[in-house]
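Below: upload-v4.cif (mmCIF, C-alpha atoms and all ligand atoms)
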```cif
data_input
loop_
_atom_site.label_atom_id
_atom_site.label_comp_id
_atom_site.auth_asym_id
_atom_site.auth_seq_id
_atom_site.Cartn_x
_atom_site.Cartn_y
_atom_site.Cartn_z
CA MET A 1 35.79 11.19 4.09
CA LYS A 2 33.41 10.48 6.94
CA CYS A 3 33.22 6.78 7.73
CA ASP A 4 29.91 5.50 9.04
CA ILE A 5 28.32 2.11 9.48
CA LYS A 6 25.07 2.88 7.66
CA ASN A 7 23.98 -0.13 5.60
CA LYS A 8 27.07 -2.10 6.68
CA ASN A 9 26.85 -5.72 7.83
CA ILE A 10 28.05 -5.88 11.42
CA ILE A 11 28.15 -9.13 13.36
CA LEU A 12 27.79 -8.83 17.12
CA GLY A 13 29.27 -11.81 18.94
CA VAL A 14 28.00 -12.23 22.49
CA SER A 15 29.68 -14.62 24.92
CA GLY A 16 28.58 -15.57 28.43
CA GLY A 17 29.47 -12.73 30.78
CA ILE A 18 27.44 -10.47 33.03
CA ALA A 19 28.17 -7.54 30.66
CA ALA A 20 25.98 -9.24 28.02
CA TYR A 21 23.19 -6.86 29.09
CA LYS A 22 25.32 -3.99 27.74
CA SER A 23 25.50 -5.64 24.32
CA VAL A 24 21.75 -5.12 24.04
CA GLU A 25 22.43 -1.36 24.27
CA LEU A 26 25.30 -1.71 21.82
CA LEU A 27 22.97 -3.43 19.37
CA ARG A 28 20.50 -0.56 19.73
CA LEU A 29 23.28 1.94 18.99
CA PHE A 30 24.26 0.03 15.85
CA LYS A 31 20.62 -0.05 14.73
CA LYS A 32 20.34 3.72 15.30
CA SER A 33 23.14 4.08 12.74
CA GLU A 34 20.99 2.12 10.27
CA THR A 35 23.34 -0.84 10.34
CA ASN A 36 22.34 -4.39 9.44
CA VAL A 37 23.27 -6.29 12.62
CA ARG A 38 23.30 -10.03 13.09
CA VAL A 39 23.97 -11.62 16.45
CA ILE A 40 25.87 -14.81 17.15
CA MET A 41 25.67 -15.91 20.76
CA THR A 42 27.31 -18.69 22.71
CA GLN A 43 25.19 -21.12 24.71
CA ASN A 44 26.50 -19.55 27.95
CA ALA A 45 25.47 -16.06 26.79
CA LYS A 46 21.86 -17.28 26.96
CA TRP A 47 22.13 -17.50 30.75
CA PHE A 48 22.44 -13.72 30.76
CA VAL A 49 20.25 -12.42 27.91
CA GLY A 50 17.52 -14.19 25.99
CA GLN A 51 17.97 -14.94 22.31
CA LEU A 52 14.59 -13.33 21.59
CA THR A 53 15.80 -9.95 22.83
CA PHE A 54 18.60 -9.92 20.25
CA GLU A 55 16.29 -11.29 17.57
CA ALA A 56 13.65 -8.61 18.17
CA LEU A 57 16.14 -5.74 18.33
CA SER A 58 18.33 -6.82 15.40
CA GLU A 59 15.30 -7.81 13.27
CA ASN A 60 17.37 -10.82 12.21
CA PRO A 61 17.54 -14.45 13.31
CA VAL A 62 20.20 -15.13 15.94
CA SER A 63 22.82 -17.80 15.32
CA ASP A 64 23.59 -19.94 18.34
CA SER A 65 24.45 -23.34 16.94
CA LEU A 66 26.43 -24.98 14.16
CA PHE A 67 23.88 -27.65 13.61
CA LEU A 68 20.60 -27.75 11.78
CA LYS A 69 17.57 -27.20 13.93
CA GLU A 70 13.95 -27.37 12.96
CA GLY A 71 13.17 -24.40 10.66
CA ASN A 72 16.68 -23.04 11.06
CA ASP A 73 19.51 -23.13 8.52
CA ALA A 74 22.17 -22.68 11.21
CA SER A 75 24.63 -25.03 9.55
CA ILE A 76 25.88 -22.62 6.87
CA LYS A 77 25.63 -19.30 8.65
CA HIS A 78 29.18 -19.27 9.91
CA ILE A 79 30.48 -19.20 6.33
CA GLN A 80 27.83 -17.00 4.70
CA TRP A 81 27.75 -14.43 7.51
CA ALA A 82 31.56 -14.35 7.64
CA GLN A 83 31.73 -13.59 3.91
CA GLU A 84 29.16 -10.82 4.19
CA ALA A 85 30.57 -9.15 7.34
CA ASP A 86 32.04 -5.65 7.11
CA ALA A 87 33.14 -5.90 10.74
CA VAL A 88 32.71 -8.09 13.79
CA VAL A 89 32.46 -6.97 17.41
CA ILE A 90 32.68 -9.50 20.23
CA ALA A 91 31.20 -7.87 23.32
CA PRO A 92 31.50 -9.12 25.95
CA ALA A 93 34.43 -11.39 25.17
CA THR A 94 34.99 -13.85 28.01
CA ALA A 95 38.32 -15.48 28.90
CA ASN A 96 36.92 -18.64 27.29
CA ILE A 97 36.13 -17.17 23.85
CA ILE A 98 39.42 -15.19 23.87
CA GLY A 99 41.32 -18.43 24.61
CA LYS A 100 39.45 -20.32 21.91
CA ILE A 101 40.09 -17.69 19.23
CA ALA A 102 43.77 -17.36 20.20
CA GLY A 103 44.13 -21.15 19.98
CA GLY A 104 42.19 -21.50 16.73
CA ILE A 105 39.55 -23.68 18.36
CA ALA A 106 36.24 -23.94 16.50
CA ASP A 107 33.75 -25.85 18.61
CA ASP A 108 30.64 -23.64 18.56
CA ALA A 109 28.86 -21.13 16.32
CA LEU A 110 30.87 -18.06 17.41
CA SER A 111 34.38 -19.55 17.46
CA THR A 112 33.83 -21.34 14.15
CA PHE A 113 32.46 -18.19 12.53
CA ILE A 114 35.50 -16.16 13.68
CA LEU A 115 37.91 -18.47 11.86
CA ALA A 116 36.07 -17.80 8.60
CA VAL A 117 36.04 -13.97 8.91
CA THR A 118 38.39 -11.75 6.90
CA ALA A 119 36.83 -8.41 7.96
CA PRO A 120 38.15 -6.42 10.98
CA ILE A 121 37.34 -8.01 14.36
CA LEU A 122 37.09 -6.02 17.59
CA ILE A 123 37.31 -7.85 20.90
CA CYS A 124 35.97 -6.33 24.12
CA PRO A 125 37.34 -8.39 27.04
CA SER A 126 35.10 -8.36 30.09
CA MET A 127 35.72 -10.42 33.21
CA ASN A 128 36.90 -10.44 36.82
CA THR A 129 40.12 -8.42 37.30
CA ASN A 130 42.22 -11.41 38.41
CA MET A 131 41.03 -13.41 35.42
CA TYR A 132 41.79 -10.50 33.11
CA GLU A 133 45.26 -10.01 34.56
CA SER A 134 46.04 -13.74 34.56
CA LYS A 135 49.03 -14.82 32.51
CA ALA A 136 46.89 -17.00 30.24
CA VAL A 137 44.42 -14.25 29.29
CA GLN A 138 47.17 -11.66 28.81
CA ARG A 139 49.13 -14.14 26.69
CA ASN A 140 46.03 -14.85 24.56
CA LEU A 141 45.27 -11.14 24.11
CA LYS A 142 48.85 -10.56 22.99
CA THR A 143 48.43 -13.34 20.42
CA LEU A 144 45.19 -11.81 19.17
CA LYS A 145 46.80 -8.36 18.80
CA LYS A 146 49.67 -9.92 16.86
CA ASP A 147 47.14 -11.67 14.64
CA GLY A 148 45.51 -8.34 13.74
CA PHE A 149 42.51 -8.32 16.06
CA THR A 150 41.64 -4.96 17.66
CA ILE A 151 41.43 -5.24 21.43
CA ILE A 152 39.36 -2.61 23.21
CA ASP A 153 40.85 -2.44 26.69
CA PRO A 154 38.33 -2.93 29.47
CA SER A 155 37.67 0.03 31.74
CA GLU A 156 38.37 0.05 35.46
CA GLY A 157 35.76 0.19 38.16
CA GLU A 158 33.59 -1.84 40.43
CA LEU A 159 32.78 -5.19 38.86
CA ALA A 160 29.70 -7.36 39.28
CA CYS A 161 31.76 -9.85 41.32
CA GLY A 162 32.45 -7.13 43.92
CA THR A 163 36.12 -6.50 43.07
CA THR A 164 37.51 -3.26 41.68
CA GLY A 165 39.98 -3.00 38.82
CA PRO A 166 40.21 -3.49 35.06
CA GLY A 167 37.65 -5.87 33.59
CA ARG A 168 34.52 -3.80 32.91
CA MET A 169 33.26 -3.86 29.35
CA PRO A 170 33.60 -0.31 27.94
CA GLU A 171 30.40 1.64 27.44
CA PRO A 172 28.60 0.97 24.11
CA GLU A 173 29.38 4.52 22.87
CA GLU A 174 33.10 3.86 23.28
CA ILE A 175 32.85 0.53 21.44
CA LEU A 176 31.01 2.23 18.56
CA ASP A 177 33.66 4.97 18.56
CA ARG A 178 36.45 2.37 18.26
CA LEU A 179 34.56 0.54 15.51
CA LEU A 180 34.37 3.78 13.49
CA TRP A 181 38.07 4.32 14.15
CA ARG A 182 38.89 0.78 12.97
CA LEU A 183 36.89 1.19 9.75
CA SER A 184 38.22 4.67 8.87
CA PRO A 185 40.88 5.05 6.18
CA LYS A 186 44.18 6.05 7.81
CA ASP A 187 44.96 8.88 5.41
CA LEU A 188 46.46 11.10 8.12
CA GLN A 189 48.91 8.54 9.44
CA ASN A 190 52.24 10.09 10.52
CA LYS A 191 50.66 13.56 10.71
CA LYS A 192 50.67 15.54 13.95
CA ILE A 193 47.59 17.73 14.32
CA LEU A 194 46.87 20.35 16.92
CA VAL A 195 43.21 21.30 17.42
CA THR A 196 41.74 23.89 19.75
CA ALA A 197 38.14 23.81 20.97
CA GLY A 198 35.67 25.36 23.34
CA PRO A 199 35.51 28.81 24.90
CA THR A 200 37.99 30.52 27.16
CA GLN A 201 37.03 31.98 30.53
CA GLU A 202 38.59 35.24 31.62
CA HIS A 203 37.96 35.84 35.29
CA LEU A 204 37.14 39.33 36.51
CA ASP A 205 37.13 38.11 40.10
CA PRO A 206 36.83 34.65 41.72
CA VAL A 207 33.12 34.34 40.81
CA ARG A 208 32.68 36.18 37.50
CA PHE A 209 34.20 35.66 34.08
CA ILE A 210 33.91 36.74 30.43
CA SER A 211 33.18 33.86 28.11
CA ASN A 212 30.97 32.76 25.18
CA PRO A 213 28.56 29.90 24.39
CA SER A 214 31.06 27.58 22.65
CA SER A 215 30.40 23.98 23.69
CA GLY A 216 33.53 22.48 22.15
CA LYS A 217 31.48 20.27 19.78
CA MET A 218 33.12 21.56 16.59
CA GLY A 219 36.71 21.25 17.79
CA TYR A 220 36.14 17.87 19.47
CA ALA A 221 34.58 16.57 16.25
CA ILE A 222 37.72 17.62 14.35
CA ALA A 223 40.03 16.02 16.92
CA LYS A 224 38.05 12.77 16.81
CA ALA A 225 37.88 12.69 13.02
CA ALA A 226 41.64 13.25 12.77
CA GLU A 227 42.28 10.46 15.28
CA TYR A 228 39.99 8.10 13.34
CA ARG A 229 42.08 8.86 10.27
CA GLY A 230 45.33 7.92 11.95
CA ALA A 231 46.74 11.31 13.02
CA ASP A 232 48.60 11.91 16.25
CA VAL A 233 46.22 14.48 17.77
CA THR A 234 46.61 17.03 20.54
CA LEU A 235 43.46 18.86 21.59
CA VAL A 236 43.77 22.06 23.60
CA SER A 237 40.35 22.62 25.07
CA GLY A 238 38.78 25.45 26.99
CA PRO A 239 36.12 24.54 29.57
CA SER A 240 33.74 22.00 27.98
CA GLN A 241 31.35 19.33 29.25
CA LEU A 242 32.53 16.93 26.56
CA LEU A 243 34.61 13.89 27.46
CA ASP A 244 38.24 13.65 26.35
CA PRO A 245 38.19 11.89 22.95
CA VAL A 246 39.75 8.40 23.04
CA ASN A 247 43.45 8.30 22.15
CA VAL A 248 43.71 12.09 21.85
CA ASN A 249 46.21 13.99 24.00
CA THR A 250 43.74 16.42 25.58
CA ILE A 251 45.05 19.46 27.43
CA ARG A 252 42.42 21.35 29.43
CA VAL A 253 42.89 25.09 29.88
CA LYS A 254 40.73 27.97 31.07
CA SER A 255 41.98 31.33 29.85
CA ALA A 256 43.29 32.60 26.51
CA GLU A 257 46.70 32.98 28.13
CA GLU A 258 46.75 29.31 29.15
CA MET A 259 45.47 28.27 25.72
CA GLY A 260 48.22 30.34 24.07
CA SER A 261 50.97 28.76 26.21
CA ALA A 262 49.75 25.22 25.45
CA VAL A 263 49.45 25.95 21.72
CA PHE A 264 52.84 27.67 21.38
CA GLU A 265 54.51 24.79 23.20
CA GLN A 266 53.18 22.29 20.63
CA PHE A 267 53.42 24.40 17.48
CA GLU A 268 57.01 23.61 16.39
CA THR A 269 56.34 19.87 16.35
CA VAL A 270 53.01 19.73 14.48
CA ASP A 271 52.12 19.57 10.78
CA ILE A 272 48.62 21.03 10.94
CA VAL A 273 46.82 23.42 13.31
CA ILE A 274 43.02 23.83 13.30
CA LYS A 275 41.78 26.55 15.62
CA ALA A 276 38.09 26.03 16.32
CA ALA A 277 38.24 27.53 19.82
CA ALA A 278 36.29 30.68 20.57
CA VAL A 279 38.97 32.68 22.33
CA SER A 280 37.91 35.68 24.36
CA ASP A 281 39.30 38.80 22.79
CA TYR A 282 39.44 40.62 26.14
CA ARG A 283 40.32 39.89 29.75
CA ALA A 284 40.30 41.91 32.95
CA ASP A 285 43.13 44.39 33.15
CA GLU A 286 43.66 43.08 36.64
CA GLN A 287 41.79 40.12 38.10
CA ALA A 288 40.37 41.00 41.53
CA LYS A 289 41.47 38.66 44.32
CA GLN A 290 38.16 38.98 46.16
CA LYS A 291 34.60 39.14 44.85
CA ILE A 292 33.96 42.67 43.61
CA LYS A 293 31.03 44.30 45.36
CA LYS A 294 27.99 44.67 43.12
CA ASP A 295 27.98 48.47 43.25
CA ALA A 296 31.70 48.72 42.53
CA ILE A 297 31.82 46.62 39.34
CA GLU A 298 31.54 49.43 36.80
CA LYS A 299 34.49 51.27 38.31
CA ALA A 300 36.55 48.20 39.25
CA VAL A 301 36.56 46.44 35.90
CA SER A 302 38.60 47.57 32.96
CA LEU A 303 39.52 45.31 30.07
CA LYS A 304 42.62 44.70 28.05
CA LYS A 305 43.11 42.81 24.80
CA ASN A 306 44.14 39.17 24.86
CA ILE A 307 46.88 37.89 22.64
CA ASP A 308 45.61 36.71 19.24
CA ILE A 309 46.96 33.17 19.33
CA LEU A 310 46.24 32.40 15.69
CA LYS A 311 47.82 35.61 14.46
CA GLU A 312 50.98 34.76 16.39
CA LEU A 313 51.00 31.30 14.81
CA GLY A 314 50.63 32.95 11.39
CA LYS A 315 53.82 34.93 12.10
CA LYS A 316 55.75 31.87 13.38
CA LYS A 317 54.51 29.55 10.63
CA LYS A 318 57.16 27.63 8.63
CA ASP A 319 55.64 24.76 6.66
CA GLN A 320 52.68 24.04 8.90
CA ILE A 321 49.14 24.18 7.51
CA LEU A 322 47.16 26.73 9.46
CA VAL A 323 43.36 26.62 9.52
CA GLY A 324 41.24 29.12 11.43
CA PHE A 325 37.54 29.59 12.03
CA ALA A 326 35.60 32.82 11.70
CA ALA A 327 32.50 33.17 13.83
CA GLU A 328 30.40 35.93 12.33
CA THR A 329 26.88 37.31 12.63
CA GLU A 330 27.06 39.22 9.32
CA SER A 331 29.26 39.88 6.26
CA LEU A 332 30.80 36.41 6.43
CA GLU A 333 32.84 36.65 3.26
CA LYS A 334 34.32 40.07 3.99
CA ASN A 335 35.17 39.34 7.63
CA ALA A 336 36.45 35.81 7.10
CA GLY A 337 38.54 36.93 4.11
CA LYS A 338 40.17 39.66 6.21
CA LYS A 339 41.03 37.19 9.01
CA LEU A 340 42.45 34.71 6.48
CA LYS A 341 44.85 37.37 5.20
CA ASP A 342 45.70 39.11 8.49
CA LYS A 343 46.48 35.82 10.24
CA ASN A 344 48.41 34.27 7.30
CA LEU A 345 46.12 31.21 7.10
CA ASP A 346 45.83 28.48 4.47
CA MET A 347 42.09 28.18 4.98
CA ILE A 348 39.39 29.69 7.16
CA VAL A 349 36.07 28.07 8.00
CA GLY A 350 33.45 30.79 8.13
CA ASN A 351 30.28 30.10 10.07
CA ILE A 352 27.35 32.27 10.98
CA VAL A 353 26.71 32.02 14.70
CA GLY A 354 23.53 32.66 16.64
CA GLY A 355 21.12 30.30 14.86
CA PRO A 356 19.86 26.91 16.07
CA THR A 357 21.52 24.85 13.31
CA SER A 358 24.85 26.62 12.99
CA GLY A 359 27.67 27.89 15.18
CA PHE A 360 27.68 27.77 18.97
CA ALA A 361 26.43 24.60 20.69
CA ALA A 362 24.47 23.26 17.70
CA ASP A 363 25.04 19.67 16.54
CA THR A 364 25.13 20.88 12.93
CA ASN A 365 26.94 23.69 11.19
CA VAL A 366 26.59 25.69 8.00
CA ALA A 367 30.03 26.71 6.79
CA THR A 368 31.83 28.33 3.91
CA LEU A 369 35.45 27.43 3.34
CA PHE A 370 37.68 30.28 2.18
CA TYR A 371 41.07 29.41 0.69
CA LYS A 372 44.22 31.51 0.48
CA ASP A 373 44.06 31.55 -3.34
CA GLY A 374 40.79 33.50 -3.06
CA LYS A 375 38.51 30.57 -3.88
CA LYS A 376 35.57 29.72 -1.65
CA GLU A 377 33.31 26.70 -1.15
CA SER A 378 29.85 27.00 0.38
CA LEU A 379 28.74 23.85 2.16
CA ASN A 380 25.24 22.72 3.01
CA GLU A 381 24.08 22.25 6.58
CA MET A 382 25.73 19.10 7.95
CA SER A 383 26.64 17.50 11.25
CA LYS A 384 29.78 18.85 12.91
CA GLU A 385 31.30 15.37 12.45
CA ALA A 386 30.70 15.55 8.67
CA LEU A 387 32.11 19.08 8.53
CA ALA A 388 35.18 17.94 10.49
CA HIS A 389 35.85 15.25 7.87
CA THR A 390 35.25 17.70 5.00
CA ILE A 391 37.82 20.11 6.46
CA LEU A 392 40.32 17.24 6.79
CA ASP A 393 39.56 16.11 3.21
CA ARG A 394 40.44 19.59 1.93
CA ILE A 395 43.64 19.69 4.00
CA ILE A 396 44.71 16.29 2.63
CA LYS A 397 44.01 17.50 -0.90
CA GLY A 398 46.51 20.30 -0.25
CA VAL A 399 43.97 22.93 0.88
O1 LIG B 401 32.18 24.90 20.18
P1 LIG B 401 30.87 24.85 19.43
O2 LIG B 401 29.69 25.07 20.34
O3 LIG B 401 30.75 23.62 18.59
O4 LIG B 401 30.85 26.10 18.44
C1 LIG B 401 31.70 26.13 17.35
C2 LIG B 401 32.26 27.54 17.07
C3 LIG B 401 31.12 28.47 16.66
C4 LIG B 401 32.95 28.08 18.33
C5 LIG B 401 33.32 27.38 15.91
O5 LIG B 401 32.65 26.87 14.78
C6 LIG B 401 33.98 28.71 15.58
O6 LIG B 401 33.50 29.50 14.81
N1 LIG B 401 35.16 28.95 16.23
C7 LIG B 401 35.90 30.21 16.13
C8 LIG B 401 35.32 31.22 17.08
C9 LIG B 401 36.07 32.54 17.08
O7 LIG B 401 36.69 32.86 18.06
O8 LIG B 401 36.07 33.18 15.95
P2 LIG B 401 36.80 34.61 15.68
O9 LIG B 401 36.29 35.00 14.38
O10 LIG B 401 36.62 35.52 16.85
O11 LIG B 401 38.34 34.22 15.61
C10 LIG B 401 39.00 33.88 14.40
C11 LIG B 401 40.07 32.85 14.64
O12 LIG B 401 41.10 33.38 15.48
C12 LIG B 401 39.59 31.59 15.32
O13 LIG B 401 40.20 30.48 14.72
C13 LIG B 401 40.04 31.78 16.76
O14 LIG B 401 40.33 30.50 17.38
C14 LIG B 401 41.30 32.60 16.62
N2 LIG B 401 41.57 33.51 17.75
C15 LIG B 401 40.69 34.53 18.04
C16 LIG B 401 40.97 35.39 19.07
C17 LIG B 401 42.16 35.21 19.81
N3 LIG B 401 42.46 36.01 20.81
N4 LIG B 401 43.00 34.20 19.50
C18 LIG B 401 42.72 33.36 18.48
O15 LIG B 401 43.50 32.42 18.21
#
```
Since I need it in another form, could you write the structure as structure tokens?
Amino acid sequence: MKCDIKNKNIILGVSGGIAAYKSVELLRLFKKSETNVRVIMTQNAKWFVGQLTFEALSENPVSDSLFLKEGNDASIKHIQWAQEADAVVIAPATANIIGKIAGGIADDALSTFILAVTAPILICPSMNTNMYESKAVQRNLKTLKKDGFTIIDPSEGELACGTTGPGRMPEPEEILDRLLWRLSPKDLQNKKILVTAGPTQEHLDPVRFISNPSSGKMGYAIAKAAEYRGADVTLVSGPSQLLDPVNVNTIRVKSAEEMGSAVFEQFETVDIVIKAAAVSDYRADEQAKQKIKKDAIEKAVSLKKNIDILKELGKKKKDQILVGFAAETESLEKNAGKKLKDKNLDMIVGNIVGGPTSGFAADTNVATLFYKDGKKESLNEMSKEALAHTILDRIIKGV
């Protein structure tokens, strides 16, 4: 089941660090997901970003004080908002707020609110590298982890103070990604899943290759969804512009041969394989060492068949669940059904490729699921993320 934050109550806690400007972008990302966001900021956060900015973008009053102000019912918000929260994200979290939460101190709106929250809380530490690595901050973070808080490790890079090292607040997209992970049911815990994604490239010579328009979006969406749901995920990816998904063991390969080696190496140890990669069926009989002259190409190039990785897995299969994809331009049912049988699969996801809303490179897909007992399930157009979760739902149900 796809987890999203639509209509959820998210509290964004902002403490006084230079990365507070990034929490404005984070707030915008939450709002794009149609989330109800409320902001609680510390007094020091106001040195970096104005309260009005958060008020305008969240379309909610900002809480900054425990005490009643003119026209403001601040005094009860820390209890009411805590009761209503589905999740809390503190970004940036300074050494000060981390220390206060670890020590149970409640001396301002944010720290008092945190004590009253029972929903998941994500903490995004952001500070100078030496401060971050100091014994006190590390000790406090350890305490928070033990107490059930989710710590999103800072990234490394050049910091505003001029030093380089860990301490940068992760990008808003990564924080949203970890929030979705935290809120997802962990119904694939203790499962090892192998996913393939993207195209393969089969070089004819150093400058030319056979490939296809696969972007990797479908396979990466599956890998991410499985990781959200608690699986131990390995992603074998052909060339793709997409970033390695967080907490997924991503192995980058180029050719079908390399993809095959990586997949076969993992196969014995996994419970589920989902092959969304678009593997080239052919490669050059012999790859030329030098660039083939334009006029010589027709004579120089001959092709030979690549190994069918999925078919090999179908032969080796013991108790693993094997899911393939069928990319077709016509006769989906007939062609997908044949592949399901020939490759000894438990399920095949048939999709028509070539259109703008389905198949290669699109953000959405229109798929039909074919099962080994002959049943089929036609799905409406949906995002590749939603399809990824639907495929996992069916696998969990026993295919
Ligand atoms: O990456 P995107 O841009 O998001 O696009 C997604 C997609 C269209 C690539 C994806 O949805 C999809 O359909 N992937 C399968 C593409 C494909 O190669 O289909 P096929 O019908 O040729 O192959 C059938 C199955 O056998 C596939 O699971 C494929 O991974 C596997 N195969 C094929 C050939 C081969 N030599 N080895 C294989 O393992």
Using only the atoms of ligand LIG 401 (chain B) listed in the file, plus 4 Å on each side, state the axis-aligned box centre and edge lengths in Å rounded to one decimal, as lines of an AutoDock Vina configuration file.
```
center_x = 36.6
center_y = 29.8
center_z = 17.6
size_x = 21.8
size_y = 20.4
size_z = 14.4
```
Next item on the list: List all protein, DNA and RNA residues that have any atom at most 8 Å from ligand LIG 401 (chain B), counting all atoms listed in the file, and write the list as an NGL selection string.
Entry: :A and (196-199 or 213-220 or 256 or 260 or 274-282 or 305-311 or 323-328 or 336 or 339 or 343 or 348-353 or 358-363 or 365 or 384)
Check: So, counting all atoms listed in the file, which residue among A:Leu115, A:Ala221, A:Leu243, A:Ala231 is closest to A:His389?
Finding: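 Ranked by minimum distance to A:His389, first place goes to A:Ala221.
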Note to self: If we count all atoms listed in the file and set the cut-off at 9 Å, which residues sit around A:Ile121, ignoring sequence neighbours fewer than 3 positions away in its own chain? Please answer as a PyMOL selection string.
What the structure shows: chain A and resi 87-90+114+117-118+148-151
Check: Which one is closest to A:Thr94: A:Leu26, A:Leu204, A:Met169, A:Val39? Count all atoms listed in the file.
Finding: A:Met169
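Note that atom CA of A:Glu84 and atom CA of A:Ser33 are 18.2 Å apart.
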Next item on the list: Enumerate, as number ranges by chain, the protein, DNA and RNA residues whose atoms approach (48.3, 19.7, 19.0) to within 12 Å, taking into account only C-alpha atoms and the coordinate frame of the file.
Entry: A: 191-197, 219, 222-223, 226-227, 231-237, 248-251, 259-275, 320, 322
Checklist line | Interatomic distance, atom CA of A:Lys338 to atom CA of A:Val366 (Å, one decimal) | finding: 19.6 Å
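Going from atom CA of A:Pro245 over to atom CA of A:Trp181, you cover 11.6 Å.
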Next item on the list: Excluding A:Tyr371 and residues on its chain fewer than 4 positions from it, collect all residues at most 9 Å away from it, counting only C-alpha atoms, and give them as a PyMOL selection string.
Entry: chain A and resi 337+340+345-349+375-377+399
Note to self: From the options A:Ile321, A:Ala106, A:Leu159, A:Leu179, which residue's atoms come nearest to A:Ile123, counting all atoms listed in the file?
What the structure shows: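 Smallest distance to A:Ile123 is found for A:Leu179.
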Margin query: Between A:Asp205, A:Asp177, A:Glu158, A:Asp64, which residue has the minimum interatomic distance to A:Gly50, considering all atoms listed in the file?
Written below: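 Under the stated criterion, the closest residue is A:Asp64.
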